[in-house]
Every structure is written in structure tokens, then in C-alpha cells.
$ cat my_file.cif   # mmCIF, C-alpha atoms and all ligand atoms
data_protein
loop_
_atom_site.label_atom_id
_atom_site.label_comp_id
_atom_site.auth_asym_id
_atom_site.auth_seq_id
_atom_site.Cartn_x
_atom_site.Cartn_y
_atom_site.Cartn_z
CA MET U 1 0.00 0.00 0.00
CA SER U 2 1.49 3.36 -0.95
CA VAL U 3 1.56 5.98 1.80
CA LEU U 4 0.39 9.46 0.84
CA PRO U 5 3.15 12.07 1.04
CA ARG U 6 3.26 14.41 4.02
CA ALA U 7 3.92 18.12 3.49
CA ALA U 8 7.11 19.54 4.96
CA ILE U 9 8.41 23.09 5.21
CA ILE U 10 11.56 23.00 3.10
CA GLY U 11 12.43 26.70 3.15
CA ILE U 12 11.33 29.76 5.06
CA GLY U 13 11.83 33.46 4.44
CA ILE U 14 10.85 36.74 6.01
CA CYS U 15 10.58 40.43 5.27
CA LEU U 16 10.36 43.23 7.79
CA PRO U 17 10.06 46.90 6.82
CA THR U 18 13.06 48.93 7.94
CA ARG U 19 11.18 51.61 9.89
CA ILE U 20 10.94 50.91 13.61
CA LEU U 21 8.17 52.48 15.69
CA SER U 22 9.03 52.28 19.39
CA ASN U 23 6.77 52.67 22.40
CA GLN U 24 8.54 55.97 23.01
CA ASN U 25 7.55 57.11 19.51
CA LEU U 26 3.94 56.18 20.31
CA GLU U 27 4.06 58.28 23.48
CA GLN U 28 4.37 61.29 21.16
CA MET U 29 1.32 60.22 19.14
CA VAL U 30 -1.36 59.11 21.64
CA GLU U 31 -1.99 59.19 25.40
CA THR U 32 0.05 56.11 26.26
CA ASN U 33 3.39 55.13 27.76
CA ASP U 34 6.07 52.49 27.43
CA GLU U 35 5.26 51.04 30.86
CA TRP U 36 1.59 50.40 30.02
CA ILE U 37 2.34 48.86 26.63
CA THR U 38 5.16 46.67 27.99
CA GLU U 39 3.20 45.44 31.02
CA ARG U 40 -0.10 44.84 29.22
CA THR U 41 1.23 43.47 25.95
CA GLY U 42 4.98 42.72 26.05
CA ILE U 43 5.50 44.83 22.93
CA LYS U 44 8.45 47.27 22.81
CA GLU U 45 8.59 48.13 19.11
CA ARG U 46 7.07 47.19 15.78
CA ARG U 47 7.96 47.64 12.08
CA ILE U 48 5.96 49.96 9.85
CA ALA U 49 5.91 49.77 6.05
CA ALA U 50 7.22 52.77 4.11
CA ALA U 51 4.65 54.89 2.27
CA GLU U 52 5.47 53.24 -1.06
CA GLU U 53 5.43 49.68 0.39
CA ALA U 54 2.33 47.48 0.46
CA THR U 55 1.57 43.88 1.38
CA VAL U 56 2.65 42.43 -1.99
CA ASP U 57 6.09 44.06 -1.69
CA LEU U 58 6.70 42.43 1.69
CA ALA U 59 5.22 39.12 0.51
CA GLU U 60 7.45 39.04 -2.57
CA ARG U 61 10.64 39.62 -0.57
CA ALA U 62 9.78 36.94 2.00
CA ALA U 63 8.86 34.55 -0.81
CA ARG U 64 12.16 35.07 -2.66
CA GLN U 65 14.13 34.26 0.47
CA ALA U 66 12.04 31.15 1.17
CA LEU U 67 12.48 29.90 -2.41
CA LYS U 68 16.23 30.46 -2.26
CA ARG U 69 16.57 28.58 1.00
CA ALA U 70 14.37 25.75 -0.30
CA ARG U 71 16.41 25.63 -3.54
CA VAL U 72 13.16 25.72 -5.48
CA ARG U 73 12.76 27.84 -8.62
CA ALA U 74 9.65 29.99 -8.98
CA GLU U 75 8.64 28.04 -12.11
CA GLU U 76 8.53 24.86 -10.01
CA LEU U 77 5.74 26.23 -7.82
CA ASP U 78 2.29 24.71 -8.39
CA LEU U 79 0.36 26.92 -5.99
CA ILE U 80 0.75 30.19 -4.09
CA ILE U 81 -1.46 30.93 -1.09
CA LEU U 82 -1.22 34.42 0.32
CA ALA U 83 -2.81 34.72 3.74
CA THR U 84 -3.63 38.35 4.40
CA ALA U 85 -6.31 40.62 5.76
CA THR U 86 -4.62 43.64 4.17
CA PRO U 87 -4.29 42.91 0.43
CA ASP U 88 -3.03 45.76 -1.77
CA ARG U 89 -6.54 46.05 -3.21
CA PHE U 90 -9.77 44.03 -2.97
CA VAL U 91 -9.39 43.11 -6.64
CA PRO U 92 -7.27 41.58 -8.10
CA PRO U 93 -6.15 38.98 -5.54
CA ALA U 94 -2.77 39.99 -4.11
CA ALA U 95 -1.48 36.42 -4.55
CA CYS U 96 -1.66 36.86 -8.34
CA LEU U 97 0.59 39.91 -8.14
CA VAL U 98 3.13 37.91 -6.13
CA GLN U 99 2.86 35.05 -8.65
CA HIS U 100 3.60 37.43 -11.52
CA ARG U 101 6.49 39.18 -9.78
CA LEU U 102 8.15 35.89 -8.90
CA GLY U 103 7.67 34.54 -12.41
CA ALA U 104 5.84 31.52 -11.01
CA LYS U 105 4.24 30.88 -14.35
CA ASN U 106 3.11 27.35 -13.59
CA ALA U 107 1.33 28.22 -10.34
CA PHE U 108 -2.23 29.15 -9.56
CA ALA U 109 -2.56 31.69 -6.80
CA PHE U 110 -5.20 32.90 -4.40
CA ASP U 111 -5.65 34.99 -1.27
CA LEU U 112 -6.86 33.47 1.95
CA ASN U 113 -8.32 35.63 4.68
CA ALA U 114 -8.43 34.00 8.08
CA ALA U 115 -7.08 37.10 9.85
CA CYS U 116 -4.36 36.24 12.39
CA SER U 117 -4.88 32.50 11.81
CA GLY U 118 -4.22 32.96 8.09
CA PHE U 119 -0.80 31.34 7.91
CA LEU U 120 -2.00 28.28 9.83
CA TYR U 121 -5.02 27.95 7.57
CA GLY U 122 -2.77 28.38 4.52
CA LEU U 123 -0.37 25.72 5.76
CA VAL U 124 -3.20 23.26 6.26
CA VAL U 125 -4.86 24.04 2.90
CA GLY U 126 -1.56 23.89 1.02
CA SER U 127 -0.54 20.61 2.62
CA GLN U 128 -3.65 18.91 1.22
CA PHE U 129 -2.41 19.44 -2.34
CA ILE U 130 0.81 17.65 -1.43
CA ASN U 131 -1.01 14.85 0.41
CA SER U 132 -3.17 14.26 -2.66
CA ARG U 133 -0.09 14.38 -4.94
CA SER U 134 -1.75 17.06 -7.06
CA SER U 135 1.08 19.53 -6.32
CA ARG U 136 4.76 19.24 -5.51
CA TYR U 137 5.89 22.69 -4.37
CA ILE U 138 3.61 25.21 -2.71
CA LEU U 139 4.34 28.66 -1.39
CA VAL U 140 2.38 29.75 1.68
CA ILE U 141 2.83 33.38 2.68
CA GLY U 142 1.49 35.37 5.62
CA ALA U 143 1.86 39.07 4.88
CA GLU U 144 0.28 42.17 6.36
CA THR U 145 0.45 45.93 6.40
CA LEU U 146 -1.89 46.43 9.32
CA SER U 147 -0.52 49.94 9.79
CA ARG U 148 -2.80 50.92 6.87
CA ILE U 149 -6.01 49.94 8.66
CA VAL U 150 -5.06 51.04 12.17
CA ASP U 151 -6.53 54.23 13.61
CA TRP U 152 -3.39 56.03 14.76
CA SER U 153 -5.47 58.11 17.20
CA ASP U 154 -6.93 55.03 18.96
CA ARG U 155 -4.57 53.97 21.76
CA ASN U 156 -6.57 50.78 22.31
CA THR U 157 -5.38 49.35 19.01
CA CYS U 158 -2.56 51.42 17.49
CA VAL U 159 0.04 50.24 20.01
CA LEU U 160 -0.54 46.57 19.15
CA PHE U 161 0.06 46.02 15.47
CA GLY U 162 3.01 45.87 13.12
CA ASP U 163 3.80 45.09 9.48
CA GLY U 164 5.76 42.16 8.03
CA ALA U 165 5.72 38.97 6.02
CA GLY U 166 6.81 35.37 6.38
CA ALA U 167 6.79 32.70 3.69
CA ALA U 168 7.24 28.94 3.64
CA VAL U 169 7.86 26.61 0.72
CA LEU U 170 6.08 23.30 1.20
CA GLY U 171 7.25 20.14 -0.49
CA PRO U 172 6.82 16.39 -0.02
CA ALA U 173 8.51 15.16 3.17
CA LYS U 174 11.51 12.92 2.57
CA ASP U 175 11.69 11.40 6.01
CA LYS U 176 9.82 11.74 9.33
CA GLU U 177 9.51 15.53 9.08
CA GLY U 178 6.45 17.56 8.10
CA LEU U 179 2.96 18.49 9.18
CA LEU U 180 1.83 15.67 11.48
CA SER U 181 -1.63 16.94 12.39
CA PHE U 182 -3.86 19.98 12.74
CA TYR U 183 -7.09 21.07 14.36
CA MET U 184 -8.72 24.19 12.91
CA ARG U 185 -11.96 25.93 13.84
CA SER U 186 -14.02 29.04 13.05
CA ASP U 187 -16.92 30.77 14.81
CA GLY U 188 -18.58 33.71 13.08
CA SER U 189 -20.71 34.52 16.12
CA GLY U 190 -17.68 36.54 17.24
CA GLU U 191 -17.82 38.86 14.22
CA ASP U 192 -18.17 42.00 16.33
CA LEU U 193 -15.13 41.30 18.52
CA LEU U 194 -12.60 42.30 15.88
CA GLN U 195 -13.59 43.91 12.62
CA VAL U 196 -13.18 46.64 10.06
CA PRO U 197 -16.81 47.80 9.81
CA ALA U 198 -16.80 49.59 6.46
CA GLY U 199 -15.36 49.24 2.99
CA GLY U 200 -16.98 45.92 2.10
CA SER U 201 -20.37 45.09 0.58
CA ARG U 202 -22.19 45.47 3.92
CA LEU U 203 -21.18 49.08 4.34
CA PRO U 204 -19.38 50.38 1.24
CA ALA U 205 -16.82 53.13 1.65
CA SER U 206 -18.37 56.59 1.58
CA HIS U 207 -17.45 60.05 2.81
CA GLN U 208 -19.46 59.27 5.92
CA THR U 209 -17.78 55.95 6.72
CA VAL U 210 -14.37 57.56 6.31
CA ALA U 211 -15.37 60.57 8.43
CA GLU U 212 -16.50 58.16 11.17
CA GLY U 213 -13.30 56.10 10.91
CA LEU U 214 -15.21 52.93 10.08
CA HIS U 215 -12.45 51.76 7.72
CA PHE U 216 -10.19 51.18 10.74
CA ILE U 217 -9.82 48.10 12.99
CA LYS U 218 -12.24 48.00 15.94
CA MET U 219 -11.51 45.51 18.65
CA LYS U 220 -12.99 44.31 21.95
CA GLY U 221 -9.59 43.25 23.26
CA ASN U 222 -10.73 41.98 26.65
CA GLU U 223 -13.22 39.50 25.26
CA ILE U 224 -10.83 38.20 22.62
CA PHE U 225 -8.18 37.72 25.29
CA LYS U 226 -10.16 35.10 27.21
CA LEU U 227 -11.40 33.29 24.11
CA ALA U 228 -7.91 33.21 22.63
CA VAL U 229 -6.39 31.42 25.60
CA ARG U 230 -9.10 28.77 25.68
CA ALA U 231 -9.12 28.28 21.90
CA MET U 232 -5.37 27.82 21.63
CA VAL U 233 -5.18 25.39 24.56
CA SER U 234 -8.05 23.20 23.39
CA SER U 235 -6.96 23.15 19.74
CA ALA U 236 -3.39 22.33 20.81
CA ASP U 237 -4.61 19.34 22.82
CA GLN U 238 -6.76 18.16 19.90
CA ALA U 239 -3.93 18.50 17.38
CA LEU U 240 -1.47 16.70 19.68
CA ALA U 241 -3.95 13.85 20.19
CA LYS U 242 -4.43 13.53 16.42
CA ALA U 243 -0.66 13.20 16.04
CA GLY U 244 -0.56 10.56 18.79
CA LEU U 245 1.53 12.91 20.94
CA THR U 246 1.17 14.52 24.37
CA ARG U 247 2.00 17.92 25.80
CA ALA U 248 5.27 16.49 27.10
CA ASP U 249 6.39 15.78 23.53
CA ILE U 250 6.43 19.48 22.59
CA ASP U 251 9.94 20.83 22.02
CA TRP U 252 8.84 24.34 21.05
CA VAL U 253 5.62 26.34 20.89
CA VAL U 254 5.41 28.95 18.14
CA PRO U 255 2.26 30.91 19.01
CA HIS U 256 0.55 33.79 17.27
CA GLN U 257 2.19 36.88 18.73
CA ALA U 258 -0.69 39.05 19.97
CA ASN U 259 -0.02 39.60 23.63
CA LEU U 260 2.62 38.18 25.99
CA ARG U 261 0.01 37.72 28.72
CA ILE U 262 -2.14 35.63 26.36
CA ILE U 263 0.88 33.52 25.45
CA TRP U 264 1.90 32.93 29.08
CA ALA U 265 -1.69 32.12 30.13
CA MET U 266 -1.89 29.62 27.28
CA THR U 267 1.46 27.93 27.95
CA GLN U 268 0.75 27.77 31.69
CA ARG U 269 -2.47 25.87 30.98
CA LEU U 270 -0.66 23.65 28.51
CA GLU U 271 1.97 23.04 31.20
CA VAL U 272 4.75 23.99 28.81
CA ASP U 273 7.78 25.79 30.22
CA ARG U 274 8.24 29.39 29.11
CA SER U 275 11.73 28.54 27.90
CA LYS U 276 10.15 26.46 25.13
CA VAL U 277 8.16 29.33 23.61
CA VAL U 278 9.36 31.48 20.71
CA ILE U 279 8.67 35.14 21.46
CA THR U 280 9.08 37.83 18.84
CA LEU U 281 6.27 40.21 19.68
CA ASP U 282 8.58 42.41 21.73
CA HIS U 283 10.16 43.59 18.46
CA HIS U 284 7.45 42.74 15.89
CA GLY U 285 4.17 43.57 17.66
CA ASN U 286 1.13 41.72 16.36
CA THR U 287 1.66 41.15 12.63
CA SER U 288 -1.51 39.06 12.20
CA ALA U 289 -1.05 36.39 9.49
CA ALA U 290 2.70 37.08 9.36
CA SER U 291 3.35 36.49 13.05
CA ILE U 292 3.69 32.70 13.09
CA PRO U 293 6.01 32.37 10.06
CA LEU U 294 8.08 35.32 11.34
CA ALA U 295 8.45 33.60 14.72
CA LEU U 296 9.17 30.22 13.14
CA ALA U 297 11.89 31.74 10.96
CA GLU U 298 13.45 33.62 13.86
CA GLY U 299 13.40 30.54 16.08
CA ILE U 300 15.25 28.59 13.39
CA GLU U 301 17.65 31.46 12.74
CA ARG U 302 18.53 31.72 16.45
CA GLY U 303 19.36 28.01 16.40
CA ASP U 304 16.61 27.21 18.93
CA LEU U 305 14.39 25.21 16.61
CA LYS U 306 16.21 22.22 15.20
CA LYS U 307 15.62 19.34 12.86
CA ASP U 308 13.50 16.49 14.24
CA GLN U 309 11.97 18.62 17.00
CA ILE U 310 8.21 18.68 17.60
CA ILE U 311 6.84 22.19 17.10
CA LEU U 312 3.37 23.28 18.09
CA LEU U 313 2.01 26.15 16.01
CA THR U 314 -1.07 27.77 17.52
CA GLY U 315 -3.06 30.90 16.78
CA PHE U 316 -6.38 32.71 16.77
CA GLY U 317 -7.83 35.80 15.21
CA ALA U 318 -10.78 37.71 13.84
CA GLY U 319 -13.63 35.68 12.48
CA LEU U 320 -13.25 34.15 14.93
CA THR U 321 -10.67 31.75 13.58
CA TRP U 322 -8.26 29.54 15.49
CA GLY U 323 -6.31 26.36 15.38
CA SER U 324 -3.14 24.42 16.04
CA ALA U 325 -0.77 22.38 13.94
CA VAL U 326 1.91 19.91 14.97
CA LEU U 327 5.06 19.93 12.91
CA ARG U 328 8.21 17.85 12.97
CA LEU U 329 11.00 20.04 11.64
O1 LIG Y 401 -4.47 39.14 17.00
C1 LIG Y 401 -5.66 38.68 17.46
C2 LIG Y 401 -6.59 39.60 18.05
N1 LIG Y 401 -6.25 40.53 19.07
C3 LIG Y 401 -5.76 40.25 20.29
O2 LIG Y 401 -5.29 39.20 20.54
C4 LIG Y 401 -5.85 41.25 21.37
C5 LIG Y 401 -6.31 40.62 22.64
N2 LIG Y 401 -6.43 41.57 23.73
C6 LIG Y 401 -5.38 42.19 24.31
O3 LIG Y 401 -4.26 41.97 23.95
C7 LIG Y 401 -5.67 43.11 25.47
O4 LIG Y 401 -7.03 43.03 25.81
C8 LIG Y 401 -5.31 44.60 25.19
C9 LIG Y 401 -3.81 44.74 25.13
C10 LIG Y 401 -5.93 45.02 23.87
C11 LIG Y 401 -5.82 45.48 26.29
O5 LIG Y 401 -5.31 45.07 27.54
P1 LIG Y 401 -6.28 44.94 28.79
O6 LIG Y 401 -5.45 44.54 29.93
O7 LIG Y 401 -7.39 44.00 28.37
O8 LIG Y 401 -6.74 46.43 28.99
P2 LIG Y 401 -8.22 47.03 28.96
O9 LIG Y 401 -8.74 47.03 27.57
O10 LIG Y 401 -9.03 46.38 30.00
O11 LIG Y 401 -7.92 48.52 29.36
C12 LIG Y 401 -7.40 48.85 30.63
C13 LIG Y 401 -7.23 50.34 30.71
C14 LIG Y 401 -8.38 51.15 30.16
O12 LIG Y 401 -8.54 52.28 31.01
P3 LIG Y 401 -9.74 52.33 32.07
O13 LIG Y 401 -10.97 52.20 31.24
O14 LIG Y 401 -9.49 51.17 32.99
O15 LIG Y 401 -9.54 53.66 32.69
C15 LIG Y 401 -7.89 51.62 28.83
O16 LIG Y 401 -8.47 52.83 28.43
O17 LIG Y 401 -6.09 50.71 29.93
C16 LIG Y 401 -6.42 51.80 29.07
N3 LIG Y 401 -5.66 51.71 27.85
C17 LIG Y 401 -4.44 52.28 27.70
N4 LIG Y 401 -3.68 53.03 28.51
C18 LIG Y 401 -2.49 53.43 28.06
C19 LIG Y 401 -5.98 51.04 26.71
N5 LIG Y 401 -4.98 51.18 25.82
C20 LIG Y 401 -4.03 51.95 26.40
C21 LIG Y 401 -2.77 52.42 25.98
N6 LIG Y 401 -2.05 53.16 26.85
N7 LIG Y 401 -2.27 52.13 24.77
#

$ encode --input "my_file.cif" --output "C-alpha cells"
Amino acid sequence: MSVLPRAAIIGIGICLPTRILSNQNLEQMVETNDEWITERTGIKERRIAAAEEATVDLAERAARQALKRARVRAEELDLIILATATPDRFVPPAACLVQHRLGAKNAFAFDLNAACSGFLYGLVVGSQFINSRSSRYILVIGAETLSRIVDWSDRNTCVLFGDGAGAAVLGPAKDKEGLLSFYMRSDGSGEDLLQVPAGGSRLPASHQTVAEGLHFIKMKGNEIFKLAVRAMVSSADQALAKAGLTRADIDWVVPHQANLRIIWAMTQRLEVDRSKVVITLDHHGNTSAASIPLALAEGIERGDLKKDQIILLTGFGAGLTWGSAVLRL
């Protein structure tokens, strides 16, 4: 009996804009201070895209690095999934622009919006094409320019987010490595907890919606906080069980980087030591769909995450969306 191929991450790349916005910079912009932001979120600074940069620019750079490291040529790609909540435009899909820029002429490409869970969703969707042998190489990108939809006069949200991109090339696993299991969920009853109210078909952009700031992110942070902890813990347990593993088998947790307190509450409940958690939000902020691939890449770069280790990826976001995936590097 032939075993279906498992998808493995064979190359990973990142892109961060050069401009750094520190908590001290934010003190000059809104009624806030470094102490509050650090204590309540763990964030010290975040990257902000230059005026001429948009999501596709960041996605392209991360993708080029991932392809190079994977030793895969753009023409060898069968599929490009771009997870983003901040595409350059509604139409055309941003993934097609990335496909064209890379010269990935044999790939089909589409955007996937699962907010902060976007990269996880993309990883799971992409892996199915490898499992079914319908594709060999797939590029999954998480890229965001959240700075474009943040209200820079709203201290409740503007201190949290940052811009960036992370990309992973998926290919058939050669050995024991790859995506071992996942557990993904969605619940649209939480639509009002985190949303951009206007600009879509429900409330098209108008002078009035812009005047009222309805094209910016609105968030009920407190409520999301509690749900996020529960969702990540339960999905992590489900994903581990599906892989035939236990919490004790986890070598590293790579969580969505929204808030340090959320991450510590989650890992405490999972009974995972803090030393096994990759943290990048202190210097990236919350980069939504880019946060997990950025953290994964940095963990590998630092030499913390190594081949053969069991990595738990876990995240949550607007939708609501959430889930966990278990990966052997
Ligand atoms: O990526 C996925 C989705 N998003 C998230 O994961 C976010 C989840 N939520 C959070 O991270 C936290 O709820 C926040 C960081 C957003 C807020 O932290 P909190 O501990 O839940 O604070 P809070 O909203 O309860 O606000 C506490 C106080 C309020 O003042 P009052 O009403 O108690 O007088 C806020 O007005 O802190 C005030 N506050 C600030 N003060 C200084 C809110 N933002 C700021 C600020 N600087 N930037």
C-alpha cells in the first residue's frame, strides 16, 4: 500500500520593513506610555511599512528568500497561497501579483483571509495538495500591512500592530519531518469582537464611513483575550492527540504573537515551560497572518528550533478563527 506524502516546510523566508516604531515614539502620538504597553502586551517596538510599500512588496521579498533557502525555482511552484487581511486592493487577488512578480508561471494563486490564523489555515490548505499528490511545491505566505487599517489616534489598538511577512515553501517530506496533524476551527458569532466595519459590501466606503473612521480596525480586546487562551489550549490538545503525541512531547511552541500575557496564560495551561516558547512580539508587535512564520523563521535562525523537533504552532484571530498544527522540523 502506498503511503500518501506528508507536506514539509523545506524553506522559510521573512521580510520586515526597515522603519521601527518604538513605544517611546507612540508616546508622542497618543496618550500612552512604554510602561503600560510593555506590562499589558509585552511589545516594545514594531515595524511599519514605508509609504510606497504594500503587502505584496513584503510578501514578494519573504517569498524570494524562502524559495532560495528551499532551492526551489519559482517556475517549479504549483500553488501560491497568500494569507492576508490587508491585500493591496480588494481586486485583483494579491497572490496573483506575487505570482507574476516571482515569475511563477506554472502556479495558480489565491488569497486566503483567516485574519491572524491565516498562515496556519494556509499551511493546512496547502498541505492537502501535497497529500493528494496534485502539487509538488507550494508557497504559503502570511503578509500584512496592518498599519494601513489602524486608527493612529486610537490607543486601544494602534500600540498593538506591526507590518511584516513570512513565507514557507512546502514540499513532499523525505523522512519523518512535516505536518503531522492539525485542528482548525471558526466561529462567526464573534464577528463584532474584531472587525473593520466599512469598505466591504455590507457598508461600502463613503465620505461618511471615512469621516466616522469605520475603515479602521475596531476591537474588543478583553473579550478576545479570554477566548484566545481557551481556543489555543483546546486546539493544541486536539492537534497533539491527532498526532498521537502529548503535551510532554512538545519541544517548542510557536504561538501567534498578539499579547505576551495571552501567550503565558496559554502555555501555563498547557503546562509547557516558558523557555520552550518562541517570542518575537517584543520587536514585531502583532503582525496578524505574518506572526507565526516570522516567529518560526526567527526561532530557526537563532538556532533554537532544530531538525526532528516537535513544534506546536497555535493561533487565533478575527472571524473568529483559530487552530493548532503539529510539525516535525
Ligand atoms: O491578534 C488577534 C486579536 N487581538 C488580540 O489578541 C488582542 C487581545 N487583547 C489584548 O491583547 C488586550 O485586551 C489589550 C492589550 C488590547 C488590552 O489590555 P487589557 O489589559 O485588556 O486592557 P483594557 O482594555 O481592560 O484597558 C485597561 C485600561 C483602560 O482604562 P480604564 O478604562 O481602565 O480607565 C484603557 O483605556 O487601559 C487603558 N488603555 C491604555 N492606557 C495606556 C488602553 N490602551 C491603552 C494604551 N495606553 N495604549

$ residues_near_ligand --input "my_file.cif" --ligand "ligand LIG 401 (chain Y)" --cutoff "6 Å" --atoms "all atoms listed in the file" --output "PyMOL selection string"
chain U and resi 32-33+36-37+40-41+116+155-156+159+221-222+224-225+258-259+288+317

$ closest_atom_pairs --input "my_file.cif" --of "segment 48-166 of chain U" --to "segment 240-257 of chain U" --cutoff "10 Å" --atoms "only C-alpha atoms" --output "JSON lines"
{"residue": "U:Cys116", "atom": "CA", "partner": "U:His256", "partner_atom": "CA", "distance": 7.3}
{"residue": "U:Ser117", "atom": "CA", "partner": "U:His256", "partner_atom": "CA", "distance": 7.8}
{"residue": "U:Phe119", "atom": "CA", "partner": "U:His256", "partner_atom": "CA", "distance": 9.8}
{"residue": "U:Leu120", "atom": "CA", "partner": "U:His256", "partner_atom": "CA", "distance": 9.6}
{"residue": "U:Phe161", "atom": "CA", "partner": "U:Gln257", "partner_atom": "CA", "distance": 9.9}

$ closest_residue --input "my_file.cif" --among "U:Ala83, U:Asp88, U:Gly213, U:Pro93" --to "Leu112 of chain U" --atoms "all atoms listed in the file"
U:Ala83

$ closest_residue --input "my_file.cif" --among "U:Gly178, U:Gly11, U:Gly162, U:Gly103" --to "Ile141 of chain U" --atoms "only C-alpha atoms"
U:Gly11

$ atom_distance --input "my_file.cif" --atom1 "atom CA of Tyr137 of chain U" --atom2 "atom CA of Val72 of chain U"
8.0 Å

$ residues_around --input "my_file.cif" --residues "segment 142-153 of chain U" --least-positions-apart "6" --cutoff "6 Å" --atoms "all atoms listed in the file" --output "list in words"
Thr55, Ala59, Ala83, Thr84, Thr86, Phe119, Asp163, Gly164, Ala165, Gly166, Phe216, Ile217, Ala289 and Ala290 of chain U

$ atom_distance --input "my_file.cif" --atom1 "atom CA of Ser181 of chain U" --atom2 "atom CA of Arg73 of chain U"
27.7 Å

$ residues_around --input "my_file.cif" --residues "Gly200 of chain U" --least-positions-apart "3" --cutoff "12 Å" --atoms "only C-alpha atoms" --output "number ranges by chain"
U: 89-91, 195-197, 203-206, 209, 214-215

$ closest_residue --input "my_file.cif" --among "U:Lys226, U:His100, U:Lys44, U:Arg185" --to "Ala114 of chain U" --atoms "only C-alpha atoms"
U:Arg185

$ closest_residue --input "my_file.cif" --among "U:Gly319, U:Val278, U:Glu31, U:Lys306" --to "Asp154 of chain U" --atoms "all atoms listed in the file"
U:Glu31

$ atom_distance --input "my_file.cif" --atom1 "atom CA of Cys96 of chain U" --atom2 "atom CA of Ala109 of chain U"
5.5 Å

$ residues_around --input "my_file.cif" --residues "Asp308 of chain U" --least-positions-apart "6" --cutoff "9 Å" --atoms "all atoms listed in the file" --output "VMD selection string"
chain U and resid 176 to 177 328 to 329

$ axis_aligned_box --input "my_file.cif" --around "segment 247-257 of chain U" --padding-each-side "4 Å" --output "AutoDock Vina command-line options"
--center_x 5.2 --center_y 26.3 --center_z 22.2 --size_x 17.4 --size_y 29.1 --size_z 17.8

$ closest_residue --input "my_file.cif" --among "U:Asn113, U:Thr280, U:Asn286, U:Ser201" --to "Thr321 of chain U" --atoms "all atoms listed in the file"
U:Asn113

$ decode --input "my_file.cif" --residues "segment 111-158 of chain U" --atoms "C-alpha atoms" --output "PDB file, in the first residue's frame"
ATOM      1  CA  ASP U 111      -5.645  34.993  -1.272  1.00  0.00           C
ATOM      2  CA  LEU U 112      -6.856  33.474   1.947  1.00  0.00           C
ATOM      3  CA  ASN U 113      -8.320  35.630   4.682  1.00  0.00           C
ATOM      4  CA  ALA U 114      -8.427  33.998   8.084  1.00  0.00           C
ATOM      5  CA  ALA U 115      -7.077  37.104   9.850  1.00  0.00           C
ATOM      6  CA  CYS U 116      -4.362  36.243  12.386  1.00  0.00           C
ATOM      7  CA  SER U 117      -4.876  32.495  11.813  1.00  0.00           C
ATOM      8  CA  GLY U 118      -4.221  32.959   8.092  1.00  0.00           C
ATOM      9  CA  PHE U 119      -0.797  31.342   7.906  1.00  0.00           C
ATOM     10  CA  LEU U 120      -1.999  28.282   9.828  1.00  0.00           C
ATOM     11  CA  TYR U 121      -5.023  27.947   7.566  1.00  0.00           C
ATOM     12  CA  GLY U 122      -2.767  28.381   4.521  1.00  0.00           C
ATOM     13  CA  LEU U 123      -0.369  25.721   5.757  1.00  0.00           C
ATOM     14  CA  VAL U 124      -3.200  23.264   6.257  1.00  0.00           C
ATOM     15  CA  VAL U 125      -4.859  24.041   2.899  1.00  0.00           C
ATOM     16  CA  GLY U 126      -1.564  23.894   1.021  1.00  0.00           C
ATOM     17  CA  SER U 127      -0.538  20.612   2.623  1.00  0.00           C
ATOM     18  CA  GLN U 128      -3.655  18.914   1.219  1.00  0.00           C
ATOM     19  CA  PHE U 129      -2.407  19.438  -2.336  1.00  0.00           C
ATOM     20  CA  ILE U 130       0.807  17.646  -1.429  1.00  0.00           C
ATOM     21  CA  ASN U 131      -1.014  14.854   0.412  1.00  0.00           C
ATOM     22  CA  SER U 132      -3.166  14.257  -2.657  1.00  0.00           C
ATOM     23  CA  ARG U 133      -0.090  14.376  -4.942  1.00  0.00           C
ATOM     24  CA  SER U 134      -1.746  17.061  -7.062  1.00  0.00           C
ATOM     25  CA  SER U 135       1.081  19.533  -6.319  1.00  0.00           C
ATOM     26  CA  ARG U 136       4.759  19.239  -5.507  1.00  0.00           C
ATOM     27  CA  TYR U 137       5.886  22.688  -4.374  1.00  0.00           C
ATOM     28  CA  ILE U 138       3.610  25.209  -2.711  1.00  0.00           C
ATOM     29  CA  LEU U 139       4.340  28.664  -1.390  1.00  0.00           C
ATOM     30  CA  VAL U 140       2.379  29.752   1.677  1.00  0.00           C
ATOM     31  CA  ILE U 141       2.826  33.379   2.679  1.00  0.00           C
ATOM     32  CA  GLY U 142       1.486  35.366   5.621  1.00  0.00           C
ATOM     33  CA  ALA U 143       1.864  39.073   4.883  1.00  0.00           C
ATOM     34  CA  GLU U 144       0.278  42.174   6.361  1.00  0.00           C
ATOM     35  CA  THR U 145       0.449  45.935   6.396  1.00  0.00           C
ATOM     36  CA  LEU U 146      -1.886  46.434   9.323  1.00  0.00           C
ATOM     37  CA  SER U 147      -0.518  49.941   9.788  1.00  0.00           C
ATOM     38  CA  ARG U 148      -2.801  50.921   6.874  1.00  0.00           C
ATOM     39  CA  ILE U 149      -6.011  49.937   8.663  1.00  0.00           C
ATOM     40  CA  VAL U 150      -5.063  51.038  12.168  1.00  0.00           C
ATOM     41  CA  ASP U 151      -6.527  54.230  13.612  1.00  0.00           C
ATOM     42  CA  TRP U 152      -3.392  56.034  14.759  1.00  0.00           C
ATOM     43  CA  SER U 153      -5.466  58.110  17.201  1.00  0.00           C
ATOM     44  CA  ASP U 154      -6.927  55.030  18.960  1.00  0.00           C
ATOM     45  CA  ARG U 155      -4.575  53.975  21.759  1.00  0.00           C
ATOM     46  CA  ASN U 156      -6.568  50.778  22.312  1.00  0.00           C
ATOM     47  CA  THR U 157      -5.380  49.351  19.007  1.00  0.00           C
ATOM     48  CA  CYS U 158      -2.561  51.416  17.493  1.00  0.00           C
TER      49      CYS U 158
END
